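Worksheet: one structure, shown below.
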Amino acid sequence: TTALISPAALFSLLQAPASPAATAPVILDASWYQPFMKRDAPAEFRAAHVPTARFLSIDDPAFTAADTALPHMLPSSADDVARAGRLLGRLGVHPTEGIVVAYAKDGFVASARVWWALRAMGFPARRVKVLDGGLAAWVAAGLPVESGAVDVPEDVGGLEPPVGSPELRSGAGSGLVVGLEDVLKFGKGDREGVVVIDTRSKGRFHGTEPEPRPGLVGGHVPGSVVVPYTE
């Protein structure tokens, strides 16, 4: 199952959504920018977005772990996951029906993060997609955009799954997350069968360019390789 959906395929779904309404695609604009860029993602969303899209910030406290001050940490405890589920429910995501499509205005970092987080929390691959090329590809295809705030038609219950359906879970048992101890072991030389890929820029990987946020240390995990996501 591919993780991507083309603009044309998504537009077709919007033109003829499945019935009942709960199974229509839920589109999440996950655009996010580094603070030094001084861009306002919610304001840019209100200016132009894919029709019916709702805005989801990966910095939303309801979408991150509560037990750390580090940014963008995956919801990990049962309380974290329940809180994230309530947020997704308010955005119209159904517990078991329909697909969720994430996109970003520029690039794909945040939309890929939303895809990964939902997969780690138990959403099957068939239900979670990233819009191939993001908003830029949507516009380039000549497809319409909307502006202004978006009314979410229905809170679908905070993702309280019915009996017998897969429940939301922490990422620990998903196979999509490794722990700090695993990375430390790798860094100390225990690397058999493991590759650690750093997707930051080569300058940050080698510690030759400044970090974008105060307090971050340049360089990389010993033994890791760099494959910049921008390339």
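Every chain in the structure tokens takes a letter, A first, then B, and so on in the order presented; its residues are numbered from 1, and the ligands are numbered from 1 following the presented order.
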
Give me the residues of range 21-87 of chain A that have any atom at most 10 Å from an atom of range 91-109 of chain A; for each, the nearest atom pair and the distance in Å, rounded to one decimal. Use only C-alpha atoms, sort by chain and number, and format it as JSON lines.
```
{"residue": "A:Ala21", "atom": "CA", "partner": "A:Gly98", "partner_atom": "CA", "distance": 9.0}
{"residue": "A:Ala22", "atom": "CA", "partner": "A:His94", "partner_atom": "CA", "distance": 6.3}
{"residue": "A:Thr23", "atom": "CA", "partner": "A:Gly98", "partner_atom": "CA", "distance": 3.8}
{"residue": "A:Ala24", "atom": "CA", "partner": "A:Gly98", "partner_atom": "CA", "distance": 5.7}
{"residue": "A:Pro25", "atom": "CA", "partner": "A:Ile99", "partner_atom": "CA", "distance": 5.0}
{"residue": "A:Val26", "atom": "CA", "partner": "A:Val100", "partner_atom": "CA", "distance": 4.9}
{"residue": "A:Ile27", "atom": "CA", "partner": "A:Val101", "partner_atom": "CA", "distance": 4.7}
{"residue": "A:Leu28", "atom": "CA", "partner": "A:Ala102", "partner_atom": "CA", "distance": 4.7}
{"residue": "A:Asp29", "atom": "CA", "partner": "A:Tyr103", "partner_atom": "CA", "distance": 5.2}
{"residue": "A:Ala30", "atom": "CA", "partner": "A:Ala104", "partner_atom": "CA", "distance": 5.3}
{"residue": "A:Ser31", "atom": "CA", "partner": "A:Ala104", "partner_atom": "CA", "distance": 4.3}
{"residue": "A:Trp32", "atom": "CA", "partner": "A:Ala104", "partner_atom": "CA", "distance": 7.5}
{"residue": "A:Tyr33", "atom": "CA", "partner": "A:Asp106", "partner_atom": "CA", "distance": 9.0}
{"residue": "A:Ala41", "atom": "CA", "partner": "A:Lys105", "partner_atom": "CA", "distance": 8.8}
{"residue": "A:Glu44", "atom": "CA", "partner": "A:Lys105", "partner_atom": "CA", "distance": 8.6}
{"residue": "A:Phe45", "atom": "CA", "partner": "A:Lys105", "partner_atom": "CA", "distance": 8.4}
{"residue": "A:Ala48", "atom": "CA", "partner": "A:Lys105", "partner_atom": "CA", "distance": 9.3}
{"residue": "A:His49", "atom": "CA", "partner": "A:Lys105", "partner_atom": "CA", "distance": 8.3}
{"residue": "A:Val50", "atom": "CA", "partner": "A:Tyr103", "partner_atom": "CA", "distance": 9.1}
{"residue": "A:Ala53", "atom": "CA", "partner": "A:Ala102", "partner_atom": "CA", "distance": 9.0}
{"residue": "A:Arg54", "atom": "CA", "partner": "A:Leu91", "partner_atom": "CA", "distance": 6.6}
{"residue": "A:Phe55", "atom": "CA", "partner": "A:Leu91", "partner_atom": "CA", "distance": 8.3}
{"residue": "A:Leu56", "atom": "CA", "partner": "A:Leu91", "partner_atom": "CA", "distance": 8.3}
{"residue": "A:Gly85", "atom": "CA", "partner": "A:Pro95", "partner_atom": "CA", "distance": 8.8}
{"residue": "A:Arg86", "atom": "CA", "partner": "A:Leu91", "partner_atom": "CA", "distance": 8.7}
{"residue": "A:Leu87", "atom": "CA", "partner": "A:Leu91", "partner_atom": "CA", "distance": 6.5}
```

- Message: I'd like the contact shell of Val226 in chain A - 6 Å cut-off, only C-alpha atoms, skipping same-chain residues fewer than 5 positions apart - returned as a VMD selection string.
- Response: chain A and resid 197 to 199

- Item | Residues within 9 Å of Trp115 in chain A, only C-alpha atoms, excluding chain neighbours under 4 positions, as a PyMOL selection string | chain A and resi 3+100-102+110-111+119-120+125+128-130

- Message: Calculated over only C-alpha atoms, which of the candidates A:Asp132, A:Asp190, A:Glu231, A:Glu211 has the smallest distance to Ala9 in chain A?
- Response: A:Asp132

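Taking CA of Phe123 in chain A as the reference point, CA of Pro75 in chain A is found at 14.0 Å.
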
- Message: Please report the interatomic distance between CA of Gln34 in chain A and CA of Phe11 in chain A in Å with one decimal.
- Response: 29.7 Å

- Contact residues around Lys202 in chain A with only C-alpha atoms at 12 Å, ignoring same-chain residues under 2 positions, as a VMD selection string: chain A and resid 197 to 200 204 to 211 218 to 220 225 to 231

Write the selection just made, keeping C-alpha atoms, as a PDB file, in the first residue's frame?
```
ATOM      1  CA  ILE A 197      19.880   7.530   8.621  1.00  0.00           C
ATOM      2  CA  ASP A 198      20.087  11.233   9.465  1.00  0.00           C
ATOM      3  CA  THR A 199      17.808  13.259   7.165  1.00  0.00           C
ATOM      4  CA  ARG A 200      19.052  16.714   8.139  1.00  0.00           C
ATOM      5  CA  ARG A 204      24.165  20.025  10.332  1.00  0.00           C
ATOM      6  CA  PHE A 205      25.240  16.382  10.095  1.00  0.00           C
ATOM      7  CA  HIS A 206      28.916  17.387   9.987  1.00  0.00           C
ATOM      8  CA  GLY A 207      28.465  20.229  12.472  1.00  0.00           C
ATOM      9  CA  THR A 208      29.672  22.852   9.995  1.00  0.00           C
ATOM     10  CA  GLU A 209      26.543  25.005   9.891  1.00  0.00           C
ATOM     11  CA  PRO A 210      24.573  26.569  12.759  1.00  0.00           C
ATOM     12  CA  GLU A 211      21.617  24.780  14.264  1.00  0.00           C
ATOM     13  CA  GLY A 218      25.804  20.014  15.790  1.00  0.00           C
ATOM     14  CA  GLY A 219      27.114  16.677  14.565  1.00  0.00           C
ATOM     15  CA  HIS A 220      25.608  13.205  14.369  1.00  0.00           C
ATOM     16  CA  VAL A 225      24.807   8.168   7.458  1.00  0.00           C
ATOM     17  CA  VAL A 226      23.297  11.329   6.023  1.00  0.00           C
ATOM     18  CA  VAL A 227      20.551  11.390   3.386  1.00  0.00           C
ATOM     19  CA  PRO A 228      19.154  14.954   3.410  1.00  0.00           C
ATOM     20  CA  TYR A 229      15.399  14.982   2.935  1.00  0.00           C
ATOM     21  CA  THR A 230      15.753  17.966   0.592  1.00  0.00           C
ATOM     22  CA  GLU A 231      17.704  15.821  -1.873  1.00  0.00           C
TER      23      GLU A 231
END
```

- Item | Shell of 10 Å around Pro61 in chain A, only C-alpha atoms, local chain residues under 5 positions omitted, as a list of chain:residue names | A:Ala66, A:Pro71, A:His72, A:Met73, A:Pro75, A:Asp80, A:Arg83, A:Ala84, A:Leu87

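Closest approach to Ala78 in chain A among A:Ala47, A:Met121, A:Asp151, A:Met37: A:Met121, based on only C-alpha atoms.
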
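Taking only C-alpha atoms into account, Ser12 in chain A lies nearest to A:Leu143 out of the set A:Leu143, A:Ala136, A:Leu74, A:Val217.
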
- For CA of Ala112 in chain A and CA of Pro51 in chain A, quote the distance in Å rounded to one decimal.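 Pair CA of Ala112 in chain A / CA of Pro51 in chain A returns 19.9 Å.
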